[in-house]
Amino acid sequence: MLIKANNLTIAYDNKEVVHNVDINVNKGEIITIVGPNGSGKTTVLKALTRIIKCKKGEIFLEGKEIKKIKDNKIAKKIAILPQTRNTPKDFNVETLVRYGRFPHTNWQGKLSKEDKDIIDWAIRKTGMSHFRKSKLTKLSGGERQRAWIAMALAQKTEIIVLDEPTTFLDLSHQLEVLELIKDLNKSENVTILMVLHDLNQAIRYSTRLYVMEKGKVIAKGNPEEIISSKLLNDIFNVNADFYEDKRHECNHFIPYKIERKIHDRRNIE
Amino acid sequence: MIKKANIDSKIDHRVFKIALIFIMFIITLIIGISYGSLKINIIDVFKAIFFESDGLNHNIIFNVRLPRNLVAAMVGINLALSGVTLQGVMNNPLASPGLIGISSGAGFMAFVIMILFPDYAYLVPIGAFLGAISTSFLIYLLAYKQGVSAIRLILSGVAVSAFIGAGINILMTFYPDKVSGGLSFMIGGLSGKTWPDFASIWPYTLIGSVLCVLLSNQINLLQLGDEVAIGLGLNVEKIRRIFIIFASFLAASAVSVAGLLGFVGLIVPHITRLIIGSDYRYLYPATIGVGAITLVGCDLIARILFDPVELPVGIIMAVLGAPFFLYLLREKK
């Protein structure tokens with residue numbers, strides 16, 4: 001087991017936002033955390049990647065408690081693609097990808113032959129060879145996202161953690177990024193842990209799902225089995241018709257808004 | 001292999017720029033020493049420094065101009081390094097030594113000493129230094145809450161500086177006749193700076209420059225955002241604290257010698273960034289050069305422009321530097 005988190009409780013300013021969450025990540029999986037806005041998905045991701053501290057609970061990376069592992073060692077195992085990040089104006093794709101080698105190089109950041117080969121490989125793998133010298137700020141949203149994924153890839157880690165990698169991208173770029181993630185998982189055996197908003201995409205691309213609501217995991221497991229009409233109704237207040245996606249051999253649903261909640265609101269008013 | 005050459009080609013180009021900047025610094029320094037009320041040609045300058053031990057030239061060069069120009073260079077380096085560091089650790093282009101209370105703390109102590117204890121005016125540098133360091137420490141503490149976020153530090157800095165500014169204004173209101181001494185500190189200048197001033201600043205310049213250049217690869221990561229930096233294995237909190245301590249000592253040592261030269265710490269880093277880009281491994285050495293050139297050059301102009309009247313260097317810097325910066329800003333896009 002790559003990551004094992006027990007009983008995570010996370011608080012911002014003493015206000016608990018995540019309660020007693022358990023999450024396991026096995027090697028080779030694509031794990032997606034889904035749930036409504038404010039359900040604590042990103043918070044859990046941040047805790048697992050030690051961006052924020054937990055109030056309670058413990059996290060193990062390959063059986064060792066993460067608190068006891070050096071930052072630089074963790075960075076060789078887990079790469080993170082957070083949502084909040086800053087793009088310096090004069091950085092080109094290659095400059096960014098070079099930073100992926102930071103945990104592997106000495107304090108000067110001097111790149112060895114191997115480091116340079118890995119940078120080349122990461123750029124090629126993400127299809128960014130043509131944009132190698134392009135400024136990040138000049139790229140489209142999808143290309144920029146691929147450049148950041150290339151940086152994470154150059155870190156050469158067992159696992160890549162992505163926080164809503166498709167947000168703000170148009171449909172074709174969303175697919176492009178998800179296909180890239182799937183390909184990295186298949187061909188490079190990179191384990192993926194991510195948060196997604198689009199449930200259909202989550203069903204299609206994940207091996208396992210965690211569904212969160214109000215800071216708790218309320219369902220987990222095989223996407224086909226856990227995403228049901230009842231669950232959508234309970235959590236998102238929508239009904240849905242389920243269809244079989246023959247091309248991808250998975251379920252696909254089309255949601256429609258249910259009336260009940262509107263009545264509820266009227267009653268309150 | 002072709003690709004490998006690709007990776008390295010840009011580096012040489014920047015090293016070349018840094019070399020140029022340092023050659024310009026040496027030239028500026030020599031011109032700065034040879035020009036003044038009395039123009040002394042370069043050969044005589046060298047003679048006066050290295051061979052003569054007495055005489056008019058020796059006295060002017062060795063006892064007045066050389067130390068003053070060296071102090072100017074050190075002040076420029078320290079303020080510019082401090083500014084470029086703070087902009088990096090706060091990830092904010094408007095960060096400057098003034099932001100972490102250096103100016104308000106130093107200014108307040110200078111006013112207190114000049115107005116309330118005028119007999120101890122010789123204590124202004126050390127007082128300003130302590131005022132600057134303790135104010136920046138206070139701001140850091142006030143901003144601390146499970147770590148220090150850039151925005152909280154900036155806002156704490158603004159609030160504390162406003163509070164201390166009120167203190168300065170109270171002193172100025174109650175002792176209007178004694179304001180002038182403190183005022184010259186506020187404007188900043190290098191008039192009459194000599195070897196003892198040099199002795200009190202060079203250790204900071206040396207240690208600061210070396211440490212900044214050594215840690216440049218770490219500050220680079222902060223530019224990508226805290227979360228990305230953590231993901232790459234950087235102890236963001238620790239690195240930020242170390243750099244803020246550097247920055248406050250560098251700036252405090254500079255203002256204690258030369259007063260509040262606000263411009264250098266804010267604009268010089270931006271000018272340098274436009275020249276060489278934002279990779280701190282190159283930006284740091286370049287900033288050292290450009291900071292030194294800026295202050296030595298502006299001090300030269302301040303001395304000779306209305307000779308024999310000498311302008312405070314801060315005025316020259318703002319009048320020339322601000323338009324130059326605006327020019328660069330528009331040219332680049």
# chains A, B, ... in the order shown; residues from 1 in each chain; ligands from 1
$ residues_around --residues "stretch 264-278 of chain B" --least-positions-apart "4" --cutoff "9 Å" --atoms "only C-alpha atoms" --output "ChimeraX atom specification"
/A:88-91 /B:14,17-18,76-85,87,93-98,220,223,251,282-283,286-287,290-291,294-295,314,317-318,321-322,324-325,328-329,332
$ write_last_selection --atoms "N, CA and C atoms" --output "tab-separated table (two decimals), in the first residue's frame"
chain	number	residue	atom	x	y	z
A	88	PRO	N	5.61	32.30	-13.05
A	88	PRO	CA	6.44	33.47	-13.34
A	88	PRO	C	6.40	33.79	-14.83
A	89	LYS	N	6.35	35.09	-15.12
A	89	LYS	CA	6.11	35.55	-16.49
A	89	LYS	C	7.16	35.07	-17.48
A	90	ASP	N	8.41	35.02	-17.05
A	90	ASP	CA	9.44	34.71	-18.05
A	90	ASP	C	9.82	33.23	-18.08
A	91	PHE	N	9.03	32.38	-17.42
A	91	PHE	CA	9.34	30.95	-17.43
A	91	PHE	C	8.84	30.31	-18.72
B	14	ARG	N	23.21	34.50	-20.00
B	14	ARG	CA	22.98	35.27	-18.78
B	14	ARG	C	24.28	35.52	-18.02
B	17	LYS	N	25.77	38.48	-19.46
B	17	LYS	CA	25.15	39.72	-18.98
B	17	LYS	C	25.66	40.10	-17.59
B	18	ILE	N	25.79	39.10	-16.72
B	18	ILE	CA	26.28	39.38	-15.37
B	18	ILE	C	27.70	39.93	-15.43
B	76	GLY	N	23.84	50.17	-1.75
B	76	GLY	CA	23.05	49.77	-2.92
B	76	GLY	C	22.86	48.27	-2.97
B	77	ILE	N	23.93	47.53	-2.74
B	77	ILE	CA	23.86	46.07	-2.77
B	77	ILE	C	22.90	45.57	-1.70
B	78	ASN	N	23.07	46.06	-0.48
B	78	ASN	CA	22.26	45.54	0.63
B	78	ASN	C	20.77	45.80	0.42
B	79	LEU	N	20.45	47.03	0.02
B	79	LEU	CA	19.02	47.35	-0.17
B	79	LEU	C	18.43	46.56	-1.34
B	80	ALA	N	19.20	46.47	-2.42
B	80	ALA	CA	18.68	45.75	-3.59
B	80	ALA	C	18.50	44.26	-3.29
B	81	LEU	N	19.48	43.68	-2.60
B	81	LEU	CA	19.36	42.25	-2.24
B	81	LEU	C	18.18	42.02	-1.32
B	82	SER	N	18.03	42.94	-0.37
B	82	SER	CA	16.92	42.81	0.56
B	82	SER	C	15.59	42.85	-0.19
B	83	GLY	N	15.47	43.80	-1.09
B	83	GLY	CA	14.22	43.94	-1.85
B	83	GLY	C	13.94	42.74	-2.73
B	84	VAL	N	14.96	42.29	-3.44
B	84	VAL	CA	14.73	41.18	-4.38
B	84	VAL	C	14.40	39.91	-3.60
B	85	THR	N	14.99	39.77	-2.42
B	85	THR	CA	14.69	38.61	-1.58
B	85	THR	C	13.25	38.65	-1.09
B	87	GLN	N	10.73	40.23	-2.37
B	87	GLN	CA	9.81	40.00	-3.50
B	87	GLN	C	9.69	38.51	-3.79
B	93	PRO	N	5.36	41.46	-6.16
B	93	PRO	CA	6.25	42.43	-6.80
B	93	PRO	C	6.35	43.75	-6.04
B	94	LEU	N	5.42	44.00	-5.12
B	94	LEU	CA	5.47	45.28	-4.41
B	94	LEU	C	6.21	45.18	-3.09
B	95	ALA	N	6.71	44.01	-2.77
B	95	ALA	CA	7.44	43.87	-1.50
B	95	ALA	C	8.74	44.65	-1.56
B	96	SER	N	9.11	45.25	-0.43
B	96	SER	CA	10.36	45.99	-0.36
B	96	SER	C	10.75	46.06	1.11
B	97	PRO	N	11.98	46.48	1.41
B	97	PRO	CA	12.39	46.53	2.82
B	97	PRO	C	11.42	47.36	3.67
B	98	GLY	N	10.83	48.39	3.07
B	98	GLY	CA	9.89	49.22	3.82
B	98	GLY	C	8.72	48.41	4.36
B	220	ASN	N	14.05	30.22	-5.61
B	220	ASN	CA	13.44	30.02	-6.92
B	220	ASN	C	12.10	29.29	-6.83
B	223	GLN	N	8.75	30.97	-6.04
B	223	GLN	CA	8.08	31.70	-7.11
B	223	GLN	C	6.94	30.92	-7.72
B	251	ALA	N	18.88	45.20	4.97
B	251	ALA	CA	18.29	46.53	4.82
B	251	ALA	C	18.60	47.39	6.04
B	282	TYR	N	20.69	33.63	-11.25
B	282	TYR	CA	21.31	34.70	-12.03
B	282	TYR	C	20.87	36.07	-11.52
B	283	LEU	N	19.63	36.10	-11.03
B	283	LEU	CA	19.09	37.38	-10.57
B	283	LEU	C	19.88	37.92	-9.37
B	286	ALA	N	23.27	39.44	-10.44
B	286	ALA	CA	23.00	40.63	-11.25
B	286	ALA	C	22.49	41.77	-10.37
B	287	THR	N	21.65	41.43	-9.38
B	287	THR	CA	21.12	42.46	-8.49
B	287	THR	C	22.24	43.12	-7.69
B	290	VAL	N	23.79	45.57	-10.18
B	290	VAL	CA	22.94	46.70	-10.55
B	290	VAL	C	22.69	47.60	-9.33
B	291	GLY	N	22.51	47.01	-8.16
B	291	GLY	CA	22.33	47.81	-6.94
B	291	GLY	C	23.53	48.72	-6.70
B	294	THR	N	23.73	51.49	-9.38
B	294	THR	CA	22.70	52.50	-9.19
B	294	THR	C	23.11	53.52	-8.14
B	295	LEU	N	23.58	53.03	-7.01
B	295	LEU	CA	23.88	53.97	-5.94
B	295	LEU	C	25.16	54.75	-6.20
B	314	GLY	N	19.04	60.17	-2.65
B	314	GLY	CA	17.69	59.62	-2.79
B	314	GLY	C	16.87	60.37	-3.83
B	317	MET	N	18.02	59.40	-7.35
B	317	MET	CA	17.58	58.05	-7.71
B	317	MET	C	16.14	58.03	-8.15
B	318	ALA	N	15.31	58.76	-7.41
B	318	ALA	CA	13.89	58.75	-7.75
B	318	ALA	C	13.65	59.47	-9.07
B	321	GLY	N	15.70	57.24	-11.78
B	321	GLY	CA	15.40	55.81	-11.78
B	321	GLY	C	13.97	55.51	-12.14
B	322	ALA	N	13.04	56.29	-11.64
B	322	ALA	CA	11.63	55.99	-11.90
B	322	ALA	C	11.30	56.07	-13.39
B	324	PHE	N	13.37	55.73	-15.86
B	324	PHE	CA	14.11	54.66	-16.52
B	324	PHE	C	13.38	53.33	-16.35
B	325	PHE	N	12.88	53.13	-15.15
B	325	PHE	CA	12.14	51.90	-14.89
B	325	PHE	C	10.88	51.82	-15.75
B	328	LEU	N	11.81	50.87	-19.26
B	328	LEU	CA	12.08	49.44	-19.39
B	328	LEU	C	10.79	48.63	-19.41
B	329	LEU	N	9.89	49.02	-18.52
B	329	LEU	CA	8.63	48.30	-18.35
B	329	LEU	C	7.83	48.29	-19.65
B	332	LYS	N	9.71	46.33	-22.76
B	332	LYS	CA	9.79	44.87	-22.69
B	332	LYS	C	8.57	44.18	-23.27
$ closest_atom_pairs --of "chain B" --to "chain A" --cutoff "7 Å" --atoms "only C-alpha atoms" --output "CSV"
residue,atom,partner,partner_atom,distance
B:Asn217,CA,A:Gln108,CA,6.0
B:Gln223,CA,A:Asn86,CA,6.6
B:Leu224,CA,A:Asn86,CA,4.6
B:Gly225,CA,A:Arg85,CA,4.8
B:Glu227,CA,A:Ile51,CA,6.3
B:Val228,CA,A:Arg85,CA,6.4
B:Ile230,CA,A:Ile51,CA,6.7
B:Gly231,CA,A:Ile80,CA,5.2
B:Leu232,CA,A:Ala75,CA,5.3
B:Gly233,CA,A:Asn72,CA,4.3
B:Leu234,CA,A:Asp71,CA,6.5
B:Asn235,CA,A:Asp71,CA,6.9
B:Gly277,CA,A:Asp90,CA,6.3
B:Ser278,CA,A:Asp90,CA,6.9
$ write_last_selection --atoms "C-alpha atoms" --output "compact mmCIF listing (two decimals), in the first residue's frame"
# COMPACT_ATOMS: atom_id res chain seq x y z
CA ASN B 217 17.95 27.67 -5.90
CA GLN B 223 8.08 31.70 -7.11
CA LEU B 224 5.93 28.77 -8.17
CA GLY B 225 3.68 29.15 -5.13
CA GLU B 227 2.01 24.48 -2.44
CA VAL B 228 4.11 23.66 -5.47
CA ILE B 230 6.14 22.02 -0.69
CA GLY B 231 5.40 19.39 -3.30
CA LEU B 232 8.96 19.70 -4.56
CA GLY B 233 10.25 19.03 -1.08
CA LEU B 234 11.04 22.53 0.13
CA ASN B 235 10.50 23.44 3.76
CA GLY B 277 14.79 37.22 -15.89
CA SER B 278 13.53 35.83 -12.62
$ select_by_dssp --residues "stretch 16-142 of chain A" --states "alpha helix (DSSP H)" --output "number ranges by chain"
A: 41-48, 71-77, 93-99, 113-125, 141-142
$ residues_around --residues "stretch 212-227 of chain A" --least-positions-apart "3" --cutoff "8 Å" --atoms "only C-alpha atoms" --output "ChimeraX atom specification"
/A:17-22,33-36,38-41,202-203,206-209,231-232,235,250-251
$ residues_around --residues "stretch 178-181 of chain A" --least-positions-apart "6" --cutoff "8 Å" --atoms "only C-alpha atoms" --output "PyMOL selection string"
chain A and resi 126+166+192+205
$ select_by_dssp --residues "stretch 30-208 of chain A" --states "strand (DSSP E)" --output "list in words"
Ile30, Ile31, Thr32, Ile33, Val34, Lys56, Gly57, Glu58, Ile59, Phe60, Leu61, Lys64, Glu65, Ile78, Ala79, Ile80, Leu81, Ile159, Ile160, Val161, Leu162, Asp163, Thr191, Ile192, Leu193, Met194, Val195 and Arg208 of chain A
$ closest_residue --among "A:Lys125, A:Ile160, A:Arg247, A:Asp241" --to "A:Ser187" --atoms "only C-alpha atoms"
A:Lys125
$ atom_distance --atom1 "atom CA of A:Leu45" --atom2 "atom CA of A:Thr191"
14.4 Å
$ residues_around --residues "B:Phe174" --least-positions-apart "6" --cutoff "12 Å" --atoms "only C-alpha atoms" --output "MDAnalysis selection string"
chainID B and resid 111:112 115:116 167:168
$ write_last_selection --atoms "C-alpha atoms" --output "PDB file, in the first residue's frame"
ATOM      1  CA  PHE B 111      13.756  60.742  15.172  1.00  0.00           C
ATOM      2  CA  VAL B 112      13.642  59.709  18.814  1.00  0.00           C
ATOM      3  CA  ILE B 115      14.769  65.024  18.790  1.00  0.00           C
ATOM      4  CA  LEU B 116      14.708  63.737  22.349  1.00  0.00           C
ATOM      5  CA  GLY B 167       4.800  58.039  16.424  1.00  0.00           C
ATOM      6  CA  ILE B 168       7.131  59.875  14.033  1.00  0.00           C
TER       7      ILE B 168
END
$ residues_around --residues "stretch 254-262 of chain B" --least-positions-apart "5" --cutoff "6 Å" --atoms "only C-alpha atoms" --output "ChimeraX atom specification"
/B:75,125,128-129,185-190,314
$ residues_around --residues "B:Ser209" --least-positions-apart "2" --cutoff "9 Å" --atoms "only C-alpha atoms" --output "list in words"
Ile77, Asn78, Leu81, Tyr204, Thr205, Leu206, Ile207, Leu211, Cys212, Val213, Leu214, Tyr284, Pro285 and Ile288 of chain B
$ atom_distance --atom1 "atom CA of B:Ile102" --atom2 "atom CA of B:Ile139"
10.2 Å
$ atom_distance --atom1 "atom CA of A:Ala47" --atom2 "atom CA of A:Val25"
14.2 Å
$ closest_residue --among "B:Arg68, B:Trp202, B:Asp279, B:Glu331" --to "B:Gln218" --atoms "only C-alpha atoms"
B:Asp279
$ closest_residue --among "A:Lys156, A:Arg146, A:Met128, A:Val97" --to "B:Leu221" --atoms "only C-alpha atoms"
A:Val97
$ decode --residues "stretch 54-144 of chain B" --atoms "C-alpha atoms" --output "PDB file, in the first residue's frame"
ATOM      1  CA  ASP B  54      50.284  61.775   1.647  1.00  0.00           C
ATOM      2  CA  GLY B  55      49.359  64.822  -0.391  1.00  0.00           C
ATOM      3  CA  LEU B  56      46.132  66.419  -1.610  1.00  0.00           C
ATOM      4  CA  ASN B  57      45.186  63.709  -4.085  1.00  0.00           C
ATOM      5  CA  HIS B  58      45.791  60.986  -1.589  1.00  0.00           C
ATOM      6  CA  ASN B  59      43.691  62.749   1.001  1.00  0.00           C
ATOM      7  CA  ILE B  60      40.769  63.391  -1.300  1.00  0.00           C
ATOM      8  CA  ILE B  61      40.814  59.991  -2.914  1.00  0.00           C
ATOM      9  CA  PHE B  62      41.711  57.774  -0.043  1.00  0.00           C
ATOM     10  CA  ASN B  63      40.005  59.525   2.834  1.00  0.00           C
ATOM     11  CA  VAL B  64      36.935  60.935   1.102  1.00  0.00           C
ATOM     12  CA  ARG B  65      35.974  59.534  -2.256  1.00  0.00           C
ATOM     13  CA  LEU B  66      37.074  55.914  -2.037  1.00  0.00           C
ATOM     14  CA  PRO B  67      35.271  55.138   1.218  1.00  0.00           C
ATOM     15  CA  ARG B  68      32.214  57.120   0.156  1.00  0.00           C
ATOM     16  CA  ASN B  69      31.914  55.272  -3.125  1.00  0.00           C
ATOM     17  CA  LEU B  70      32.469  51.938  -1.454  1.00  0.00           C
ATOM     18  CA  VAL B  71      29.810  52.731   1.135  1.00  0.00           C
ATOM     19  CA  ALA B  72      27.481  53.739  -1.704  1.00  0.00           C
ATOM     20  CA  ALA B  73      28.094  50.406  -3.415  1.00  0.00           C
ATOM     21  CA  MET B  74      27.469  48.424  -0.217  1.00  0.00           C
ATOM     22  CA  VAL B  75      24.307  50.344   0.613  1.00  0.00           C
ATOM     23  CA  GLY B  76      23.053  49.773  -2.918  1.00  0.00           C
ATOM     24  CA  ILE B  77      23.857  46.065  -2.774  1.00  0.00           C
ATOM     25  CA  ASN B  78      22.256  45.536   0.629  1.00  0.00           C
ATOM     26  CA  LEU B  79      19.022  47.346  -0.170  1.00  0.00           C
ATOM     27  CA  ALA B  80      18.679  45.749  -3.591  1.00  0.00           C
ATOM     28  CA  LEU B  81      19.363  42.247  -2.241  1.00  0.00           C
ATOM     29  CA  SER B  82      16.915  42.810   0.563  1.00  0.00           C
ATOM     30  CA  GLY B  83      14.221  43.945  -1.849  1.00  0.00           C
ATOM     31  CA  VAL B  84      14.734  41.183  -4.379  1.00  0.00           C
ATOM     32  CA  THR B  85      14.692  38.612  -1.575  1.00  0.00           C
ATOM     33  CA  LEU B  86      11.467  39.913  -0.089  1.00  0.00           C
ATOM     34  CA  GLN B  87       9.805  39.999  -3.496  1.00  0.00           C
ATOM     35  CA  GLY B  88      10.786  36.352  -3.870  1.00  0.00           C
ATOM     36  CA  VAL B  89       9.706  35.045  -0.475  1.00  0.00           C
ATOM     37  CA  MET B  90       6.440  36.984  -0.481  1.00  0.00           C
ATOM     38  CA  ASN B  91       5.830  36.221  -4.127  1.00  0.00           C
ATOM     39  CA  ASN B  92       4.777  39.835  -4.458  1.00  0.00           C
ATOM     40  CA  PRO B  93       6.248  42.427  -6.797  1.00  0.00           C
ATOM     41  CA  LEU B  94       5.467  45.280  -4.414  1.00  0.00           C
ATOM     42  CA  ALA B  95       7.435  43.867  -1.504  1.00  0.00           C
ATOM     43  CA  SER B  96      10.359  45.991  -0.358  1.00  0.00           C
ATOM     44  CA  PRO B  97      12.385  46.527   2.820  1.00  0.00           C
ATOM     45  CA  GLY B  98       9.888  49.218   3.819  1.00  0.00           C
ATOM     46  CA  LEU B  99       7.227  46.565   3.950  1.00  0.00           C
ATOM     47  CA  ILE B 100       8.751  44.610   6.810  1.00  0.00           C
ATOM     48  CA  GLY B 101       9.102  47.733   8.903  1.00  0.00           C
ATOM     49  CA  ILE B 102      12.714  48.558   8.132  1.00  0.00           C
ATOM     50  CA  SER B 103      11.965  52.141   7.140  1.00  0.00           C
ATOM     51  CA  SER B 104       9.440  52.941   9.828  1.00  0.00           C
ATOM     52  CA  GLY B 105      11.442  51.273  12.598  1.00  0.00           C
ATOM     53  CA  ALA B 106      14.717  52.902  11.602  1.00  0.00           C
ATOM     54  CA  GLY B 107      13.074  56.272  10.956  1.00  0.00           C
ATOM     55  CA  PHE B 108      11.315  56.269  14.301  1.00  0.00           C
ATOM     56  CA  MET B 109      14.487  55.512  16.250  1.00  0.00           C
ATOM     57  CA  ALA B 110      16.397  58.150  14.301  1.00  0.00           C
ATOM     58  CA  PHE B 111      13.756  60.742  15.172  1.00  0.00           C
ATOM     59  CA  VAL B 112      13.642  59.709  18.814  1.00  0.00           C
ATOM     60  CA  ILE B 113      17.391  60.095  19.151  1.00  0.00           C
ATOM     61  CA  MET B 114      17.692  63.302  17.126  1.00  0.00           C
ATOM     62  CA  ILE B 115      14.769  65.024  18.790  1.00  0.00           C
ATOM     63  CA  LEU B 116      14.708  63.737  22.349  1.00  0.00           C
ATOM     64  CA  PHE B 117      18.391  62.963  22.861  1.00  0.00           C
ATOM     65  CA  PRO B 118      20.252  65.250  20.453  1.00  0.00           C
ATOM     66  CA  ASP B 119      23.449  64.868  22.473  1.00  0.00           C
ATOM     67  CA  TYR B 120      23.566  61.240  21.473  1.00  0.00           C
ATOM     68  CA  ALA B 121      23.214  61.860  17.730  1.00  0.00           C
ATOM     69  CA  TYR B 122      26.195  59.594  17.108  1.00  0.00           C
ATOM     70  CA  LEU B 123      23.980  56.701  18.226  1.00  0.00           C
ATOM     71  CA  VAL B 124      21.593  57.183  15.288  1.00  0.00           C
ATOM     72  CA  PRO B 125      23.081  54.396  13.138  1.00  0.00           C
ATOM     73  CA  ILE B 126      22.985  51.768  15.870  1.00  0.00           C
ATOM     74  CA  GLY B 127      19.569  52.992  17.047  1.00  0.00           C
ATOM     75  CA  ALA B 128      18.207  52.863  13.517  1.00  0.00           C
ATOM     76  CA  PHE B 129      19.604  49.387  13.102  1.00  0.00           C
ATOM     77  CA  LEU B 130      17.959  48.134  16.287  1.00  0.00           C
ATOM     78  CA  GLY B 131      14.702  49.904  15.432  1.00  0.00           C
ATOM     79  CA  ALA B 132      14.640  48.306  12.006  1.00  0.00           C
ATOM     80  CA  ILE B 133      15.409  44.787  13.218  1.00  0.00           C
ATOM     81  CA  SER B 134      12.984  44.873  16.137  1.00  0.00           C
ATOM     82  CA  THR B 135      10.166  46.273  14.002  1.00  0.00           C
ATOM     83  CA  SER B 136      10.576  43.591  11.373  1.00  0.00           C
ATOM     84  CA  PHE B 137      10.693  40.975  14.129  1.00  0.00           C
ATOM     85  CA  LEU B 138       7.487  42.372  15.599  1.00  0.00           C
ATOM     86  CA  ILE B 139       5.773  42.308  12.212  1.00  0.00           C
ATOM     87  CA  TYR B 140       6.834  38.718  11.687  1.00  0.00           C
ATOM     88  CA  LEU B 141       5.467  37.710  15.098  1.00  0.00           C
ATOM     89  CA  LEU B 142       2.175  39.476  14.512  1.00  0.00           C
ATOM     90  CA  ALA B 143       1.793  37.760  11.167  1.00  0.00           C
ATOM     91  CA  TYR B 144       2.606  34.337  12.610  1.00  0.00           C
TER      92      TYR B 144
END
